[in-house]
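Colleague: You'll find model_29.txt just under this line, and it carries compact mmCIF, C-alpha atoms.
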```
# COMPACT_ATOMS: atom_id res chain seq x y z
CA TYR A 508 13.67 -50.82 153.05
CA ARG A 509 12.01 -54.14 152.26
CA GLN A 510 12.71 -55.46 155.76
CA LEU A 511 11.31 -52.30 157.34
CA ALA A 512 8.19 -52.64 155.19
CA ILE A 513 7.74 -56.27 156.29
CA LEU A 514 8.18 -55.21 159.90
CA GLY A 515 5.59 -52.47 159.42
CA VAL A 516 3.08 -54.92 157.93
CA LEU A 517 3.65 -57.38 160.79
CA LEU A 518 3.09 -54.60 163.32
CA LEU A 519 -0.12 -53.51 161.60
CA VAL A 520 -1.40 -57.10 161.52
CA ALA A 521 -0.58 -57.50 165.24
CA ILE A 522 -2.37 -54.33 166.40
CA PRO A 523 -5.87 -55.89 166.66
CA LEU A 524 -4.61 -59.10 168.34
CA PRO A 525 -5.40 -58.08 171.94
CA LEU A 526 -8.97 -57.32 170.89
CA ILE A 527 -9.35 -60.87 169.55
CA LEU A 528 -7.37 -62.90 172.09
CA PRO A 529 -8.77 -63.92 175.48
CA SER A 530 -7.16 -61.98 178.34
CA ALA A 531 -4.97 -64.91 179.46
CA GLN A 532 -3.55 -65.28 175.97
CA GLY A 533 -3.12 -61.51 175.75
CA ALA A 534 -0.92 -61.64 178.86
CA VAL A 535 1.16 -64.37 177.23
CA ALA A 536 1.43 -62.25 174.07
CA VAL A 537 2.83 -59.35 176.12
CA ARG A 538 5.47 -61.65 177.60
CA ILE A 539 6.31 -62.93 174.12
CA LEU A 540 6.88 -59.35 172.95
CA ILE A 541 9.17 -58.72 175.92
CA PHE A 542 11.18 -61.79 174.93
CA VAL A 543 11.21 -60.49 171.35
CA LEU A 544 12.97 -57.39 172.69
CA MET A 545 15.61 -59.56 174.33
CA ALA A 546 15.92 -61.76 171.22
CA VAL A 547 16.57 -58.76 168.98
CA GLY A 548 19.49 -57.70 171.17
CA TRP A 549 20.81 -61.23 171.38
CA ASN A 550 20.58 -61.59 167.59
CA ILE A 551 22.69 -58.48 167.07
CA MET A 552 25.35 -59.76 169.47
CA SER A 553 25.40 -63.45 168.65
CA GLY A 554 23.73 -63.75 165.26
CA PHE A 555 25.42 -60.89 163.44
CA GLY A 556 28.36 -60.31 165.78
CA GLY A 557 29.25 -63.97 166.25
CA MET A 558 29.87 -63.54 169.99
CA PHE A 559 27.82 -65.98 172.07
CA SER A 560 26.76 -64.13 175.22
CA PHE A 561 24.98 -65.23 178.38
CA GLY A 562 25.02 -61.66 179.69
CA HIS A 563 21.73 -60.54 178.17
CA ALA A 564 19.70 -61.77 181.12
CA ALA A 565 21.94 -59.73 183.41
CA TYR A 566 21.56 -56.60 181.29
CA PHE A 567 17.79 -57.11 181.14
CA GLY A 568 17.76 -57.48 184.94
CA LEU A 569 19.91 -54.38 185.45
CA GLY A 570 17.53 -52.34 183.32
CA ALA A 571 14.47 -53.75 185.06
CA TYR A 572 15.87 -53.18 188.56
CA THR A 573 16.93 -49.64 187.65
CA SER A 574 13.49 -48.79 186.29
CA ALA A 575 11.70 -50.41 189.25
CA TYR A 576 13.98 -48.70 191.78
CA LEU A 577 13.38 -45.29 190.22
CA LEU A 578 9.61 -45.87 190.14
CA VAL A 579 9.26 -47.22 193.68
CA GLU A 580 11.88 -45.18 195.53
CA ARG A 581 11.95 -41.93 193.51
CA ASP A 582 8.50 -41.89 191.84
CA VAL A 583 10.07 -41.57 188.37
CA SER A 584 7.97 -42.58 185.36
CA PRO A 585 8.79 -46.01 183.90
CA TRP A 586 9.44 -44.29 180.55
CA VAL A 587 12.28 -42.31 182.14
CA GLY A 588 13.23 -45.40 184.13
CA MET A 589 13.57 -47.43 180.93
CA LEU A 590 16.00 -44.87 179.55
CA ALA A 591 17.96 -44.90 182.80
CA GLY A 592 17.85 -48.71 182.81
CA MET A 593 19.22 -48.78 179.26
CA ALA A 594 22.03 -46.45 180.31
CA VAL A 595 22.93 -48.59 183.34
CA ALA A 596 22.80 -51.81 181.29
CA ALA A 597 24.86 -50.24 178.51
CA ALA A 598 27.45 -49.01 181.02
CA ALA A 599 27.73 -52.52 182.48
CA ALA A 600 27.99 -53.99 178.97
CA VAL A 601 30.74 -51.54 178.06
CA LEU A 602 32.63 -52.44 181.23
CA ILE A 603 32.30 -56.19 180.68
CA GLY A 604 33.04 -55.76 176.97
CA TYR A 605 36.14 -53.71 177.72
CA PHE A 606 37.64 -56.44 179.89
CA ALA A 607 36.51 -59.24 177.59
CA PHE A 608 38.05 -57.60 174.53
CA ARG A 609 41.06 -56.28 176.45
CA TYR A 610 41.99 -59.85 177.31
CA LYS A 611 40.96 -61.09 173.85
CA LEU A 612 38.31 -63.50 175.08
CA ARG A 613 36.79 -65.42 172.19
CA GLY A 614 34.36 -68.31 171.75
CA ALA A 615 33.71 -70.33 174.87
CA TYR A 616 35.86 -68.03 177.03
CA PHE A 617 33.73 -65.01 176.12
CA ALA A 618 30.55 -67.02 176.79
CA LEU A 619 31.90 -68.14 180.17
CA ALA A 620 32.89 -64.58 181.11
CA THR A 621 29.40 -63.27 180.33
CA PHE A 622 27.86 -66.22 182.20
CA ALA A 623 30.07 -65.48 185.21
CA PHE A 624 28.98 -61.83 185.13
CA ALA A 625 25.31 -62.80 184.97
CA GLU A 626 25.68 -65.27 187.83
CA MET A 627 27.68 -62.84 189.94
CA LEU A 628 25.05 -60.16 189.39
CA ARG A 629 22.28 -62.60 190.36
CA LEU A 630 24.06 -63.45 193.60
CA VAL A 631 24.67 -59.79 194.43
CA VAL A 632 21.08 -58.77 193.69
CA THR A 633 19.52 -61.59 195.71
CA THR A 634 21.65 -60.87 198.77
CA THR A 635 21.88 -57.06 198.82
CA GLU A 636 19.66 -54.86 200.95
CA PHE A 637 19.69 -52.11 198.28
CA THR A 638 17.73 -54.36 195.90
CA ASN A 639 15.50 -55.75 198.68
CA LYS A 640 17.30 -59.09 198.39
CA ALA A 641 15.33 -61.79 196.58
CA VAL A 642 12.01 -59.96 197.12
CA GLY A 643 12.76 -57.12 194.70
CA PHE A 644 10.57 -54.04 194.41
CA GLN A 645 6.80 -53.96 194.73
CA VAL A 646 5.47 -51.58 192.09
CA PRO A 647 2.57 -49.60 193.57
CA LEU A 648 -0.72 -49.82 191.72
CA ILE A 649 -2.53 -46.60 190.96
CA GLN A 650 -6.23 -45.96 190.54
CA GLY A 651 -7.38 -45.72 186.93
CA SER A 652 -5.12 -45.72 183.89
CA SER A 653 -1.92 -43.85 183.24
CA LEU A 654 0.22 -44.05 180.12
CA TRP A 655 2.90 -42.05 181.96
CA LYS A 656 3.07 -44.72 184.69
CA ILE A 657 2.34 -47.56 182.20
CA GLN A 658 -0.53 -48.85 184.34
CA PHE A 659 -3.87 -49.89 182.93
CA PRO A 660 -6.70 -52.23 183.95
CA ALA A 661 -5.54 -55.85 184.03
CA ASP A 662 -7.27 -56.89 180.81
CA SER A 663 -6.44 -53.70 178.89
CA PRO A 664 -4.96 -54.11 175.40
CA ALA A 665 -2.73 -51.12 176.13
CA TYR A 666 -0.05 -53.37 177.68
CA PHE A 667 0.13 -55.31 174.41
CA TRP A 668 0.30 -52.13 172.34
CA VAL A 669 3.08 -50.63 174.47
CA ALA A 670 5.09 -53.87 174.22
CA LEU A 671 4.36 -54.09 170.48
CA ALA A 672 5.55 -50.51 169.93
CA LEU A 673 8.76 -51.18 171.87
CA ALA A 674 9.39 -54.46 170.03
CA GLY A 675 8.72 -52.76 166.70
CA LEU A 676 11.10 -49.95 167.59
CA ALA A 677 13.78 -52.46 168.59
CA GLY A 678 13.28 -54.36 165.34
CA ALA A 679 13.52 -51.19 163.27
CA VAL A 680 16.69 -50.08 165.09
CA ALA A 681 18.21 -53.53 164.57
CA ILE A 682 17.39 -53.50 160.85
CA LEU A 683 18.86 -50.03 160.43
CA PHE A 684 21.94 -50.98 162.47
CA VAL A 685 22.59 -54.15 160.49
CA HIS A 686 22.46 -52.20 157.22
CA SER A 687 24.57 -49.31 158.50
CA ARG A 688 28.29 -48.82 158.07
CA ALA A 689 28.86 -49.82 161.70
```
As structure tokens, how would this structure be written, given the file I've shared?
Modeller:
Amino acid sequence: YRQLAILGVLLLVAIPLPLILPSAQGAVAVRILIFVLMAVGWNIMSGFGGMFSFGHAAYFGLGAYTSAYLLVERDVSPWVGMLAGMAVAAAAAVLIGYFAFRYKLRGAYFALATFAFAEMLRLVVTTTEFTNKAVGFQVPLIQGSSLWKIQFPADSPAYFWVALALAGLAGAVAILFVHSRA
């Protein structure tokens, strides 16, 4: 529980940061928290699991495209879209993992297989009409603020707090997972 307590203290210390930082630095802080989310996942796979993977960018992209598609094309909340994106990314990871472990890929071969998947996905996404090719999806802006749509005024600290909550949740799940029987 010591690690969870340290995480909790760090989160509490970080809460007032967007109120202190200039808006440009606040935007950078939000991006840092998004990369923290990716780093936590990569640490589980490569740090604790010992499997060096280049696939995390592809899984991040699959989740992002899924969420953006559902928001733009189906008017689904980004909160629901994030869950759907996690499911799609997890399904792709299970598929890639199945073949990688089925053929006993280890070390550099596993890294190359995940890199090939990420590169193949990039090529498919940037050339497919379904994903609007290299343009992607334009998320519509709404008037006012909406936690359900995760849209706030540009300089709002709410973006930081949402990213901080998600990064904290990811950190807590990682700590609990590392200390679990799994």
Colleague: Do you have, as CSV, the list of residues of range 642-675 of chain A lying at most 10 Å from range 586-606 of chain A, each with its nearest atom pair and that distance in Å to one decimal, counting all atoms listed in the file and ordered by chain then number?
Modeller:
```
residue,atom,partner,partner_atom,distance
A:Leu654,CA,A:Trp586,CA,9.2
A:Trp655,CA,A:Trp586,CA,7.1
A:Lys656,CA,A:Trp586,CA,7.6
A:Ile657,CA,A:Trp586,CA,8.0
```
Colleague: Which residues are near range 508-512 of chain A? Cut-off 9 Å, all atoms listed in the file, ignore same chain within fewer than 4 positions. Put them as a list in words.
Modeller: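 Listing them by chain and then by number gives Val516, Leu517, Gly678, Ala679, Ile682 and Leu683 of chain A.
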Colleague: Nearest to Glu626 in chain A: which of A:Val646, A:Ala670, A:Ala564, A:Ala661 is it, counting all atoms listed in the file?
Modeller: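 Of all the options, A:Ala564 lies closest to Glu626 in chain A.
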Colleague: With distances taken over only C-alpha atoms, which of A:Ile551, A:Met558, A:Met627, A:Leu577 is nearest to Phe644 in chain A?
Modeller: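 The answer is A:Leu577, which sits nearest to Phe644 in chain A.
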Colleague: Name the closest residue to Thr621 in chain A among the candidates A:Gly562, A:Pro525, A:Gly554, A:Gly533; distances are taken between atoms, counting all atoms listed in the file.
Modeller: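 With all atoms listed in the file as the atom set, the closest residue is A:Gly562.
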Colleague: Do you have the CA of Leu578 in chain A-CA of Ser653 in chain A distance handy?
Modeller: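 Going from CA of Leu578 in chain A over to CA of Ser653 in chain A covers 13.6 Å.
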Colleague: Which residue, A:Ala521, A:Phe559, A:Arg688, A:Ile539, has the smallest gap to Arg613 in chain A when you use only C-alpha atoms?
Modeller: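 Selected residue with least distance to Arg613 in chain A: A:Phe559.
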Colleague: How many Å separate CA of Ala536 in chain A from CA of Gly556 in chain A?
Modeller: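 Rounded to one decimal, the two atoms are 28.2 Å apart.
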Colleague: Any idea what's packed within 8 Å of Val685 in chain A, counting all atoms listed in the file, ignoring anything in its chain fewer than 4 positions away? Could you give it as an MDAnalysis selection string?
Modeller: chainID A and resid 551 555 681 689
Colleague: Between CA of Ile541 in chain A and CA of Gly557 in chain A, what is the spacing in Å?
Modeller: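 Going from CA of Gly557 in chain A over to CA of Ile541 in chain A, I get 22.9 Å.
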Colleague: Within 10 Å of Ala677 in chain A, counting all atoms listed in the file, which residues qualify if same-chain residues fewer than 2 places away don't, as a ChimeraX atom specification?
Modeller: /A:543-548,671-675,679-683
Colleague: Using all atoms listed in the file, can you tell me which of A:Val535, A:Ala607, A:Leu676, A:Leu518 comes closest to Ser560 in chain A?
Modeller: A:Ala607
Colleague: With only C-alpha atoms counted, which protein, DNA or RNA residues have an atom no more than 12 Å from (-6.8, -56.7, 177.7) in the file frame? Please answer as a list in words.
Modeller: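 These residues have at least one counted atom within 12 Å: Pro523, Leu524, Pro525, Leu526, Ile527, Leu528, Pro529, Ser530, Ala531, Gln532, Gly533, Ala534, Val535, Ala536, Val537, Phe659, Pro660, Ala661, Asp662, Ser663, Pro664, Ala665, Tyr666, Phe667 and Trp668 of chain A.
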Colleague: Given only C-alpha atoms as the basis, pick out the residue of A:Ala618, A:Leu648, A:Leu540, A:Ala641 nearest to Val579 in chain A.
Modeller: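 Among the listed residues, the smallest separation from Val579 in chain A belongs to A:Leu648.
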Colleague: I'd like the contact shell of Lys640 in chain A - 12 Å cut-off, all atoms listed in the file, skipping same-chain residues fewer than 3 positions apart - returned as a compact mmCIF listing (two decimals) with C-alpha atoms, in the frame of the given file.
Modeller:
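Resulting contents of result.txt:
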```txt
# COMPACT_ATOMS: atom_id res chain seq x y z
CA TYR A 572 15.87 -53.18 188.56
CA LEU A 628 25.05 -60.16 189.39
CA ARG A 629 22.28 -62.60 190.36
CA LEU A 630 24.06 -63.45 193.60
CA VAL A 631 24.67 -59.79 194.43
CA VAL A 632 21.08 -58.77 193.69
CA THR A 633 19.52 -61.59 195.71
CA THR A 634 21.65 -60.87 198.77
CA THR A 635 21.88 -57.06 198.82
CA GLU A 636 19.66 -54.86 200.95
CA PHE A 637 19.69 -52.11 198.28
CA GLY A 643 12.76 -57.12 194.70
CA PHE A 644 10.57 -54.04 194.41
```
Colleague: Provide an axis-aligned box for all listed atoms of range 584-592 of chain A, padding each side by 4 Å; report its centre and its edge lengths in Å to one decimal, as lines of an AutoDock Vina configuration file.
Modeller:
```
center_x = 13.0
center_y = -45.5
center_z = 182.5
size_x = 18.0
size_y = 14.4
size_z = 13.8
```
Colleague: Output requested as an mmCIF file, in the coordinates of the input - range 608-619 of chain A, filled out with all heavy atoms.
Modeller:
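Output (selection-v1.cif):
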```cif
data_model
loop_
_atom_site.group_PDB
_atom_site.id
_atom_site.type_symbol
_atom_site.label_atom_id
_atom_site.label_comp_id
_atom_site.auth_asym_id
_atom_site.auth_seq_id
_atom_site.Cartn_x
_atom_site.Cartn_y
_atom_site.Cartn_z
ATOM 1 N N PHE A 608 37.270 -57.858 175.741
ATOM 2 C CA PHE A 608 38.050 -57.600 174.530
ATOM 3 C C PHE A 608 39.488 -57.211 174.857
ATOM 4 O O PHE A 608 40.393 -57.453 174.072
ATOM 5 C CB PHE A 608 37.369 -56.543 173.677
ATOM 6 C CG PHE A 608 36.052 -57.012 173.137
ATOM 7 C CD1 PHE A 608 34.911 -56.245 173.289
ATOM 8 C CD2 PHE A 608 35.938 -58.238 172.499
ATOM 9 C CE1 PHE A 608 33.694 -56.682 172.803
ATOM 10 C CE2 PHE A 608 34.734 -58.684 172.016
ATOM 11 C CZ PHE A 608 33.605 -57.902 172.159
ATOM 12 N N ARG A 609 39.697 -56.625 176.021
ATOM 13 C CA ARG A 609 41.060 -56.280 176.450
ATOM 14 C C ARG A 609 41.905 -57.537 176.595
ATOM 15 O O ARG A 609 43.084 -57.560 176.242
ATOM 16 C CB ARG A 609 40.985 -55.522 177.784
ATOM 17 C CG ARG A 609 42.285 -55.386 178.544
ATOM 18 C CD ARG A 609 43.155 -54.292 177.946
ATOM 19 N NE ARG A 609 44.324 -54.027 178.738
ATOM 20 C CZ ARG A 609 45.491 -54.677 178.610
ATOM 21 N NH1 ARG A 609 45.612 -55.631 177.734
ATOM 22 N NH2 ARG A 609 46.516 -54.354 179.362
ATOM 23 N N TYR A 610 41.279 -58.585 177.129
ATOM 24 C CA TYR A 610 41.990 -59.850 177.310
ATOM 25 C C TYR A 610 41.709 -60.833 176.186
ATOM 26 O O TYR A 610 41.974 -62.019 176.318
ATOM 27 C CB TYR A 610 41.667 -60.439 178.689
ATOM 28 C CG TYR A 610 42.200 -59.574 179.797
ATOM 29 C CD1 TYR A 610 41.369 -58.746 180.534
ATOM 30 C CD2 TYR A 610 43.564 -59.547 180.063
ATOM 31 C CE1 TYR A 610 41.869 -57.918 181.531
ATOM 32 C CE2 TYR A 610 44.080 -58.725 181.059
ATOM 33 C CZ TYR A 610 43.224 -57.918 181.781
ATOM 34 O OH TYR A 610 43.728 -57.092 182.753
ATOM 35 N N LYS A 611 41.157 -60.335 175.096
ATOM 36 C CA LYS A 611 40.960 -61.090 173.850
ATOM 37 C C LYS A 611 40.196 -62.399 174.076
ATOM 38 O O LYS A 611 40.582 -63.445 173.556
ATOM 39 C CB LYS A 611 42.290 -61.341 173.168
ATOM 40 C CG LYS A 611 42.982 -60.071 172.719
ATOM 41 C CD LYS A 611 44.313 -60.387 172.083
ATOM 42 C CE LYS A 611 45.023 -59.209 171.520
ATOM 43 N NZ LYS A 611 45.232 -58.048 172.308
ATOM 44 N N LEU A 612 39.128 -62.319 174.860
ATOM 45 C CA LEU A 612 38.310 -63.500 175.080
ATOM 46 C C LEU A 612 37.494 -63.794 173.830
ATOM 47 O O LEU A 612 36.833 -62.918 173.281
ATOM 48 C CB LEU A 612 37.381 -63.301 176.280
ATOM 49 C CG LEU A 612 38.052 -63.055 177.626
ATOM 50 C CD1 LEU A 612 36.999 -62.896 178.710
ATOM 51 C CD2 LEU A 612 38.987 -64.196 177.959
ATOM 52 N N ARG A 613 37.521 -65.007 173.384
ATOM 53 C CA ARG A 613 36.790 -65.420 172.190
ATOM 54 C C ARG A 613 36.074 -66.743 172.489
ATOM 55 O O ARG A 613 36.449 -67.479 173.388
ATOM 56 C CB ARG A 613 37.731 -65.645 170.997
ATOM 57 C CG ARG A 613 38.558 -64.452 170.635
ATOM 58 C CD ARG A 613 37.962 -63.753 169.445
ATOM 59 N NE ARG A 613 38.857 -62.709 168.966
ATOM 60 C CZ ARG A 613 38.607 -61.431 169.098
ATOM 61 N NH1 ARG A 613 37.518 -61.021 169.669
ATOM 62 N NH2 ARG A 613 39.449 -60.535 168.642
ATOM 63 N N GLY A 614 35.044 -67.025 171.699
ATOM 64 C CA GLY A 614 34.360 -68.310 171.750
ATOM 65 C C GLY A 614 33.839 -68.645 173.133
ATOM 66 O O GLY A 614 33.137 -67.858 173.778
ATOM 67 N N ALA A 615 34.204 -69.835 173.593
ATOM 68 C CA ALA A 615 33.710 -70.330 174.870
ATOM 69 C C ALA A 615 34.178 -69.474 176.050
ATOM 70 O O ALA A 615 33.453 -69.326 177.036
ATOM 71 C CB ALA A 615 34.162 -71.776 175.087
ATOM 72 N N TYR A 616 35.359 -68.870 175.937
ATOM 73 C CA TYR A 616 35.860 -68.030 177.030
ATOM 74 C C TYR A 616 35.010 -66.770 177.189
ATOM 75 O O TYR A 616 34.727 -66.340 178.303
ATOM 76 C CB TYR A 616 37.323 -67.667 176.794
ATOM 77 C CG TYR A 616 38.228 -68.881 176.820
ATOM 78 C CD1 TYR A 616 38.816 -69.347 175.654
ATOM 79 C CD2 TYR A 616 38.461 -69.570 178.005
ATOM 80 C CE1 TYR A 616 39.628 -70.468 175.673
ATOM 81 C CE2 TYR A 616 39.271 -70.685 178.039
ATOM 82 C CZ TYR A 616 39.850 -71.135 176.866
ATOM 83 O OH TYR A 616 40.632 -72.242 176.888
ATOM 84 N N PHE A 617 34.607 -66.173 176.054
ATOM 85 C CA PHE A 617 33.730 -65.010 176.120
ATOM 86 C C PHE A 617 32.377 -65.405 176.710
ATOM 87 O O PHE A 617 31.833 -64.704 177.563
ATOM 88 C CB PHE A 617 33.546 -64.404 174.717
ATOM 89 C CG PHE A 617 32.650 -63.204 174.709
ATOM 90 C CD1 PHE A 617 33.117 -61.973 175.113
ATOM 91 C CD2 PHE A 617 31.328 -63.309 174.305
ATOM 92 C CE1 PHE A 617 32.291 -60.859 175.118
ATOM 93 C CE2 PHE A 617 30.497 -62.208 174.301
ATOM 94 C CZ PHE A 617 30.975 -60.977 174.709
ATOM 95 N N ALA A 618 31.833 -66.535 176.269
ATOM 96 C CA ALA A 618 30.550 -67.020 176.790
ATOM 97 C C ALA A 618 30.636 -67.266 178.291
ATOM 98 O O ALA A 618 29.726 -66.898 179.050
ATOM 99 C CB ALA A 618 30.116 -68.283 176.053
ATOM 100 N N LEU A 619 31.727 -67.875 178.741
ATOM 101 C CA LEU A 619 31.900 -68.140 180.170
ATOM 102 C C LEU A 619 32.060 -66.845 180.962
ATOM 103 O O LEU A 619 31.550 -66.733 182.085
ATOM 104 C CB LEU A 619 33.100 -69.054 180.405
ATOM 105 C CG LEU A 619 32.868 -70.519 180.040
ATOM 106 C CD1 LEU A 619 34.169 -71.297 180.108
ATOM 107 C CD2 LEU A 619 31.823 -71.142 180.939
#
```
